[in-house]
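Below is one structure, written out as structure tokens, with a few remarks after it.
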Amino acid sequence: MRMKEQYTRHPTAARILKIARELFLTHSYADVTMDQIAGAANVTKGGLYHHFAGKEALYLVMMQADLSEKHRLFNKAVVMEGSCRQRLEALAHSFLALPAQQRRLAGLIRRDINTLSEEARQELIRCYQSALPDQVRSIIQRGIRVGELRPIDARLASFCFISLVEHCVSHHGERVLPTTAQKIAFVLDLFFAGAVDKTQITDDKERS
């Protein structure tokens, strides 16, 4: 993603992207205008278009830069030594340790995907898959290969794991699981052990 790193290294472009991120997190994609971004970033409209061809191009670079950063961060869990559970725990911890704004950015993809051109949609999906689901799937596939997990569809399981983590930072999740340790314990226990009451199973076996 050399092109995206070039944008983030330029001080003016980096400031524009920071302001745009705040605006897109606060308002819908359709409601944010290039005029708003230029005014908030204190650049002329010509200066804005010097760096970015249009709103979609700016939005795409903003999301690519964020997903590229997340890819590097989450990949540390993929390449580390340890069990499947330990590596998924490390990945979940990395996600939960991000500032709330960075955690929320990935959610913009679901919100805005249908407002973008087909080319931009495909690029954004590719970047998102590479940053998160593909890396979770890699950990799960290794867990299956070494017998830590039963044979399951690793792609589907990766989306289930991500959904569990994301729901822990919802408003309800924050109320029920206020600490990072509680969130991670909940996700790992539910993913690896399910919601079965093992004491009830033991009681049933003893009665039978």
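Every chain in the structure tokens has a letter given in the order shown (A, B, ...), and although residue numbers restart at 1 in each chain, ligands are simply numbered from 1 in the order shown.
Neighbouring residues of region 52-62 of chain A at 9 Å or closer, counting only C-alpha atoms and skipping chain neighbours under 4 positions away, are Met3, Lys4, Tyr7, Thr8, Ala13, Ile16, Leu17, Lys18, Ala20, Arg21, Phe24, Tyr29, Val32, Thr33, Met34, Gly47, Leu48, Asp66, Leu67, Leu116, Ser117, Ala120, Glu123 and Leu124 of chain A.
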Dump of N, CA and C atoms for the selected residues, as a short mmCIF file (atom, residue, chain, number, x, y, z; two decimals), in the first residue's frame:
data_model
loop_
_atom_site.label_atom_id
_atom_site.label_comp_id
_atom_site.auth_asym_id
_atom_site.auth_seq_id
_atom_site.Cartn_x
_atom_site.Cartn_y
_atom_site.Cartn_z
N MET A 3 1.13 3.70 -2.04
CA MET A 3 0.43 4.94 -2.40
C MET A 3 -0.24 5.54 -1.18
N LYS A 4 -0.86 4.72 -0.35
CA LYS A 4 -1.56 5.21 0.83
C LYS A 4 -0.58 5.76 1.87
N TYR A 7 0.43 9.28 1.10
CA TYR A 7 -0.52 10.29 1.55
C TYR A 7 -0.35 10.57 3.04
N THR A 8 -0.21 9.54 3.84
CA THR A 8 -0.17 9.72 5.28
C THR A 8 1.14 10.37 5.72
N ALA A 13 -1.74 16.32 3.82
CA ALA A 13 -2.63 15.20 3.51
C ALA A 13 -3.00 14.43 4.77
N ILE A 16 -5.62 16.41 6.60
CA ILE A 16 -6.91 16.27 5.91
C ILE A 16 -7.55 14.93 6.26
N LEU A 17 -6.76 13.87 6.25
CA LEU A 17 -7.30 12.54 6.55
C LEU A 17 -7.79 12.45 7.99
N LYS A 18 -7.07 13.09 8.91
CA LYS A 18 -7.49 13.08 10.32
C LYS A 18 -8.84 13.80 10.48
N ALA A 20 -11.06 14.34 8.07
CA ALA A 20 -12.08 13.57 7.34
C ALA A 20 -12.55 12.39 8.18
N ARG A 21 -11.63 11.73 8.87
CA ARG A 21 -12.00 10.59 9.71
C ARG A 21 -13.00 11.02 10.78
N PHE A 24 -16.42 11.72 9.02
CA PHE A 24 -17.11 10.50 8.56
C PHE A 24 -17.61 9.66 9.72
N TYR A 29 -21.68 9.14 5.12
CA TYR A 29 -20.85 9.43 3.96
C TYR A 29 -21.51 10.48 3.07
N VAL A 32 -21.26 14.26 4.36
CA VAL A 32 -19.96 14.94 4.42
C VAL A 32 -19.60 15.45 3.03
N THR A 33 -19.22 16.72 2.95
CA THR A 33 -18.87 17.31 1.66
C THR A 33 -17.39 17.69 1.64
N MET A 34 -16.85 17.86 0.44
CA MET A 34 -15.47 18.30 0.31
C MET A 34 -15.30 19.71 0.86
N GLY A 47 -6.40 23.18 -2.67
CA GLY A 47 -5.39 22.40 -1.95
C GLY A 47 -5.89 21.01 -1.62
N LEU A 48 -7.18 20.92 -1.29
CA LEU A 48 -7.77 19.61 -0.99
C LEU A 48 -7.74 18.71 -2.22
N ASP A 66 -6.06 3.05 7.45
CA ASP A 66 -6.44 2.46 8.73
C ASP A 66 -6.35 0.94 8.69
N LEU A 67 -6.83 0.33 7.62
CA LEU A 67 -6.81 -1.13 7.52
C LEU A 67 -5.40 -1.67 7.37
N LEU A 116 -20.63 3.57 -2.44
CA LEU A 116 -19.39 3.71 -3.21
C LEU A 116 -19.50 3.06 -4.58
N SER A 117 -18.59 3.41 -5.46
CA SER A 117 -18.55 2.78 -6.78
C SER A 117 -18.15 1.32 -6.64
N ALA A 120 -14.42 0.90 -5.94
CA ALA A 120 -14.05 1.26 -4.56
C ALA A 120 -14.55 0.21 -3.58
N GLU A 123 -12.23 -2.83 -3.66
CA GLU A 123 -10.94 -2.54 -3.03
C GLU A 123 -11.07 -2.48 -1.51
N LEU A 124 -12.15 -1.89 -1.03
CA LEU A 124 -12.37 -1.77 0.40
C LEU A 124 -12.61 -3.14 1.03
#
_Residue neighbourhood Arg72 (chain A), 12 Å, only C-alpha atoms, exclusion window fewer than 5 positions, as an MDAnalysis selection string_ = chainID A and resid 1 65:67 77:79 91 94:95 130:132 135
*Would you return as a VMD selection string the members of region 34-186 of chain A that DSSP assigns to alpha helix (DSSP H) on this structure's backbone?*
chain A and resid 34 to 41 45 to 51 55 to 79 84 to 96 100 to 105 107 to 112 118 to 131 133 to 145 154 to 168 171 to 176 180 to 186
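The nearest approach to Ala100 (chain A) among the residues A:Phe191, A:Glu174, A:Phe161, A:Ile152, with only C-alpha atoms taken into account, belongs to A:Glu174.
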*Find the residues near Glu89 (chain A): any atom within 8 Å, counting only C-alpha atoms, skip ones fewer than 4 places away on the same chain, and give them as a VMD selection string.*
chain A and resid 85 93 184 188
*Figure out the distance between CA of Ile125 (chain A) and CA of His51 (chain A), please, to one decimal in Å.*
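Value for the CA of His51 (chain A)-CA of Ile125 (chain A) distance: 23.4 Å.
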*Which is closer to Met80 (chain A) than all the others in A:Ala97, A:Val165, A:Ile139, A:Ala41, using only C-alpha atoms?*
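Result for the nearest residue to Met80 (chain A): A:Ile139.
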*Tell me, as number ranges by chain, which residues lie within 8 Å of Leu105 (chain A), counting only C-alpha atoms; anything in the same chain fewer than 3 positions away does not count.*
A: 25, 63, 66, 101-102, 108-109
Can you write just those residues out, N, CA and C atoms, as an mmCIF file, in the first residue's frame?
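What landed in result_3.cif:
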data_model
loop_
_atom_site.group_PDB
_atom_site.id
_atom_site.type_symbol
_atom_site.label_atom_id
_atom_site.label_comp_id
_atom_site.auth_asym_id
_atom_site.auth_seq_id
_atom_site.Cartn_x
_atom_site.Cartn_y
_atom_site.Cartn_z
ATOM 1 N N LEU A 25 -16.928 9.726 10.865
ATOM 2 C CA LEU A 25 -17.397 8.990 12.040
ATOM 3 C C LEU A 25 -18.610 9.662 12.671
ATOM 4 N N MET A 63 -9.596 4.848 4.612
ATOM 5 C CA MET A 63 -9.894 3.502 5.080
ATOM 6 C C MET A 63 -8.736 2.545 4.812
ATOM 7 N N ASP A 66 -6.055 3.052 7.451
ATOM 8 C CA ASP A 66 -6.445 2.459 8.734
ATOM 9 C C ASP A 66 -6.349 0.936 8.691
ATOM 10 N N GLN A 101 -12.197 5.377 18.552
ATOM 11 C CA GLN A 101 -12.373 5.895 17.195
ATOM 12 C C GLN A 101 -11.843 4.913 16.155
ATOM 13 N N GLN A 102 -10.672 4.326 16.419
ATOM 14 C CA GLN A 102 -10.099 3.369 15.480
ATOM 15 C C GLN A 102 -10.912 2.081 15.421
ATOM 16 N N LEU A 108 -17.582 1.523 9.525
ATOM 17 C CA LEU A 108 -18.028 2.394 8.438
ATOM 18 C C LEU A 108 -18.190 1.616 7.131
ATOM 19 N N ILE A 109 -17.438 0.535 7.019
ATOM 20 C CA ILE A 109 -17.510 -0.250 5.787
ATOM 21 C C ILE A 109 -18.930 -0.773 5.577
#
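Of the listed residues (A:Gln86, A:Gln129, A:Thr12, A:Ser170), A:Gln86 comes nearest to Gly143 (chain A); the distances count only C-alpha atoms.
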_Nearest to Ile144 (chain A) by atom-to-atom distance, counting only C-alpha atoms, from A:Ala181, A:Phe186, A:Thr115, A:Cys84_ =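 Looking at the shortest contact to Ile144 (chain A), the residue is A:Cys84.
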*Could you tell me how far CA of Lys70 (chain A) lies from CA of Thr179 (chain A), in Å and to one decimal?*
21.7 Å
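CA of His27 (chain A) is positioned 23.2 Å from CA of Ser68 (chain A).
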*If we count only C-alpha atoms, what is near Asp153 (chain A) at a cut-off of 10 Å, once residues fewer than 2 positions away on the same chain are taken out, given as JSON, numbers by chain?*
{"A": [137, 140, 141, 144, 150, 151, 155, 156, 157, 158]}
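Using only C-alpha atoms, the shortest contact distance between Glu69 (chain A) and any of A:Asp31, A:Arg121, A:Leu96, A:Cys127 is found at A:Cys127.
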